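Q: For reference, the file structure38.cif (mmCIF, C-alpha atoms) is included below:
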```cif
data_my_file
loop_
_atom_site.group_PDB
_atom_site.id
_atom_site.type_symbol
_atom_site.label_atom_id
_atom_site.label_comp_id
_atom_site.auth_asym_id
_atom_site.auth_seq_id
_atom_site.Cartn_x
_atom_site.Cartn_y
_atom_site.Cartn_z
ATOM 1 C CA MET E 1 0.000 0.000 0.000
ATOM 2 C CA SER E 2 1.241 3.461 -0.760
ATOM 3 C CA ASP E 3 2.028 6.072 1.845
ATOM 4 C CA GLU E 4 -0.896 8.175 0.647
ATOM 5 C CA THR E 5 -3.344 5.330 1.239
ATOM 6 C CA ASN E 6 -1.850 4.645 4.647
ATOM 7 C CA ASN E 7 -2.209 8.308 5.593
ATOM 8 C CA GLU E 8 -5.852 8.342 4.464
ATOM 9 C CA ILE E 9 -6.588 5.250 6.546
ATOM 10 C CA LEU E 10 -4.817 6.796 9.533
ATOM 11 C CA VAL E 11 -6.845 10.011 9.236
ATOM 12 C CA GLU E 12 -10.117 8.056 9.036
ATOM 13 C CA LEU E 13 -9.174 5.925 12.048
ATOM 14 C CA LYS E 14 -8.385 9.062 14.047
ATOM 15 C CA LYS E 15 -11.807 10.497 13.136
ATOM 16 C CA ILE E 16 -13.507 7.284 14.252
ATOM 17 C CA ASN E 17 -11.569 7.292 17.542
ATOM 18 C CA GLU E 18 -12.576 10.907 18.219
ATOM 19 C CA LYS E 19 -16.245 10.069 17.618
ATOM 20 C CA LEU E 20 -16.006 7.078 19.953
ATOM 21 C CA ASP E 21 -14.372 9.207 22.635
ATOM 22 C CA GLN E 22 -17.197 11.741 22.385
ATOM 23 C CA LEU E 23 -19.814 8.997 22.710
ATOM 24 C CA GLN E 24 -18.105 7.457 25.724
ATOM 25 C CA SER E 25 -17.500 10.712 27.573
ATOM 26 C CA SER E 26 -19.590 11.132 30.699
ATOM 27 C CA LYS E 27 -22.710 13.154 30.118
ATOM 28 C CA GLY E 28 -23.857 13.482 33.717
ATOM 29 C CA LEU E 29 -27.238 12.572 35.117
ATOM 30 C CA SER E 30 -30.386 13.046 33.106
ATOM 31 C CA MET E 31 -33.155 15.210 34.499
ATOM 32 C CA PRO E 32 -35.301 12.301 35.778
ATOM 33 C CA MET E 33 -32.280 10.772 37.521
ATOM 34 C CA LYS E 34 -31.500 14.096 39.192
ATOM 35 C CA PHE E 35 -35.085 14.241 40.439
ATOM 36 C CA VAL E 36 -34.833 10.696 41.808
ATOM 37 C CA ALA E 37 -31.538 11.541 43.534
ATOM 38 C CA ILE E 38 -33.063 14.625 45.182
ATOM 39 C CA VAL E 39 -36.137 12.722 46.338
ATOM 40 C CA LEU E 40 -34.022 9.901 47.755
ATOM 41 C CA GLY E 41 -31.858 12.470 49.497
ATOM 42 C CA PHE E 42 -34.841 13.986 51.272
ATOM 43 C CA VAL E 43 -36.640 10.712 51.948
ATOM 44 C CA ILE E 44 -33.737 8.539 53.125
ATOM 45 C CA ILE E 45 -30.673 10.598 53.988
ATOM 46 C CA GLY E 46 -32.468 13.497 55.686
ATOM 47 C CA PRO E 47 -34.405 11.426 58.214
ATOM 48 C CA ALA E 48 -31.398 9.170 58.812
ATOM 49 C CA LEU E 49 -29.233 12.163 59.682
ATOM 50 C CA THR E 50 -31.964 13.556 61.912
ATOM 51 C CA ILE E 51 -32.264 10.273 63.800
ATOM 52 C CA ILE E 52 -28.489 9.996 64.225
ATOM 53 C CA LEU E 53 -28.107 13.584 65.396
ATOM 54 C CA SER E 54 -31.028 13.338 67.811
ATOM 55 C CA TRP E 55 -29.565 10.098 69.169
ATOM 56 C CA LEU E 56 -26.150 11.739 69.643
ATOM 57 C CA PHE E 57 -27.508 14.833 71.403
ATOM 58 C CA HIS E 58 -30.125 13.060 73.488
#
```
Represent the structure contained in this file as structure tokens.
A:
Amino acid sequence: MSDETNNEILVELKKINEKLDQLQSSKGLSMPMKFVAIVLGFVIIGPALTIILSWLFH
């Protein structure tokens, strides 16, 4: 294969790798997952902390 063909293949492979990296990058939590995390925080963690603190200061 000629050097020109090899360079074209290399450029295309680099483009594919960049696209894969963009797809695999972390995108954070979606809006419904953020809502679930907030609700769980108030429903589970809040009361648990209240119980622990009231137990410690009793």
Q: So how far away is atom CA of E:Ile52 from atom CA of E:Leu40, in Å?
A: 17.4 Å
Q: In Å to one decimal, how far is atom CA of E:Ala48 from atom CA of E:Leu29?
A: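 One can read the atom CA of E:Leu29 to atom CA of E:Ala48 distance as 24.3 Å.
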Q: Box time for stretch 47-51 of chain E: axis-aligned, enclosing all its listed atoms, 3 Å extra on each side; report centre and edge lengths in Å to one decimal, as JSON.
A:
```
{"center_x": -31.8, "center_y": 11.4, "center_z": 61.0, "size_x": 11.2, "size_y": 10.4, "size_z": 11.6}
```
Q: Using Å and a single decimal, report how far atom CA of E:Met31 sits from atom CA of E:Asn17.
A: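 So the two atoms, atom CA of E:Asn17 and atom CA of E:Met31, lie 28.6 Å apart.
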Q: Extract chain E from the coordinates I pasted, and write it as a PDB file, in the first residue's frame (atoms kept: C-alpha atoms).
A:
```
ATOM      1  CA  MET E   1       0.000   0.000   0.000  1.00  0.00           C
ATOM      2  CA  SER E   2       1.241   3.461  -0.760  1.00  0.00           C
ATOM      3  CA  ASP E   3       2.028   6.072   1.845  1.00  0.00           C
ATOM      4  CA  GLU E   4      -0.896   8.175   0.647  1.00  0.00           C
ATOM      5  CA  THR E   5      -3.344   5.330   1.239  1.00  0.00           C
ATOM      6  CA  ASN E   6      -1.850   4.645   4.647  1.00  0.00           C
ATOM      7  CA  ASN E   7      -2.209   8.308   5.593  1.00  0.00           C
ATOM      8  CA  GLU E   8      -5.852   8.342   4.464  1.00  0.00           C
ATOM      9  CA  ILE E   9      -6.588   5.250   6.546  1.00  0.00           C
ATOM     10  CA  LEU E  10      -4.817   6.796   9.533  1.00  0.00           C
ATOM     11  CA  VAL E  11      -6.845  10.011   9.236  1.00  0.00           C
ATOM     12  CA  GLU E  12     -10.117   8.056   9.036  1.00  0.00           C
ATOM     13  CA  LEU E  13      -9.174   5.925  12.048  1.00  0.00           C
ATOM     14  CA  LYS E  14      -8.385   9.062  14.047  1.00  0.00           C
ATOM     15  CA  LYS E  15     -11.807  10.497  13.136  1.00  0.00           C
ATOM     16  CA  ILE E  16     -13.507   7.284  14.252  1.00  0.00           C
ATOM     17  CA  ASN E  17     -11.569   7.292  17.542  1.00  0.00           C
ATOM     18  CA  GLU E  18     -12.576  10.907  18.219  1.00  0.00           C
ATOM     19  CA  LYS E  19     -16.245  10.069  17.618  1.00  0.00           C
ATOM     20  CA  LEU E  20     -16.006   7.078  19.953  1.00  0.00           C
ATOM     21  CA  ASP E  21     -14.372   9.207  22.635  1.00  0.00           C
ATOM     22  CA  GLN E  22     -17.197  11.741  22.385  1.00  0.00           C
ATOM     23  CA  LEU E  23     -19.814   8.997  22.710  1.00  0.00           C
ATOM     24  CA  GLN E  24     -18.105   7.457  25.724  1.00  0.00           C
ATOM     25  CA  SER E  25     -17.500  10.712  27.573  1.00  0.00           C
ATOM     26  CA  SER E  26     -19.590  11.132  30.699  1.00  0.00           C
ATOM     27  CA  LYS E  27     -22.710  13.154  30.118  1.00  0.00           C
ATOM     28  CA  GLY E  28     -23.857  13.482  33.717  1.00  0.00           C
ATOM     29  CA  LEU E  29     -27.238  12.572  35.117  1.00  0.00           C
ATOM     30  CA  SER E  30     -30.386  13.046  33.106  1.00  0.00           C
ATOM     31  CA  MET E  31     -33.155  15.210  34.499  1.00  0.00           C
ATOM     32  CA  PRO E  32     -35.301  12.301  35.778  1.00  0.00           C
ATOM     33  CA  MET E  33     -32.280  10.772  37.521  1.00  0.00           C
ATOM     34  CA  LYS E  34     -31.500  14.096  39.192  1.00  0.00           C
ATOM     35  CA  PHE E  35     -35.085  14.241  40.439  1.00  0.00           C
ATOM     36  CA  VAL E  36     -34.833  10.696  41.808  1.00  0.00           C
ATOM     37  CA  ALA E  37     -31.538  11.541  43.534  1.00  0.00           C
ATOM     38  CA  ILE E  38     -33.063  14.625  45.182  1.00  0.00           C
ATOM     39  CA  VAL E  39     -36.137  12.722  46.338  1.00  0.00           C
ATOM     40  CA  LEU E  40     -34.022   9.901  47.755  1.00  0.00           C
ATOM     41  CA  GLY E  41     -31.858  12.470  49.497  1.00  0.00           C
ATOM     42  CA  PHE E  42     -34.841  13.986  51.272  1.00  0.00           C
ATOM     43  CA  VAL E  43     -36.640  10.712  51.948  1.00  0.00           C
ATOM     44  CA  ILE E  44     -33.737   8.539  53.125  1.00  0.00           C
ATOM     45  CA  ILE E  45     -30.673  10.598  53.988  1.00  0.00           C
ATOM     46  CA  GLY E  46     -32.468  13.497  55.686  1.00  0.00           C
ATOM     47  CA  PRO E  47     -34.405  11.426  58.214  1.00  0.00           C
ATOM     48  CA  ALA E  48     -31.398   9.170  58.812  1.00  0.00           C
ATOM     49  CA  LEU E  49     -29.233  12.163  59.682  1.00  0.00           C
ATOM     50  CA  THR E  50     -31.964  13.556  61.912  1.00  0.00           C
ATOM     51  CA  ILE E  51     -32.264  10.273  63.800  1.00  0.00           C
ATOM     52  CA  ILE E  52     -28.489   9.996  64.225  1.00  0.00           C
ATOM     53  CA  LEU E  53     -28.107  13.584  65.396  1.00  0.00           C
ATOM     54  CA  SER E  54     -31.028  13.338  67.811  1.00  0.00           C
ATOM     55  CA  TRP E  55     -29.565  10.098  69.169  1.00  0.00           C
ATOM     56  CA  LEU E  56     -26.150  11.739  69.643  1.00  0.00           C
ATOM     57  CA  PHE E  57     -27.508  14.833  71.403  1.00  0.00           C
ATOM     58  CA  HIS E  58     -30.125  13.060  73.488  1.00  0.00           C
TER      59      HIS E  58
END
```
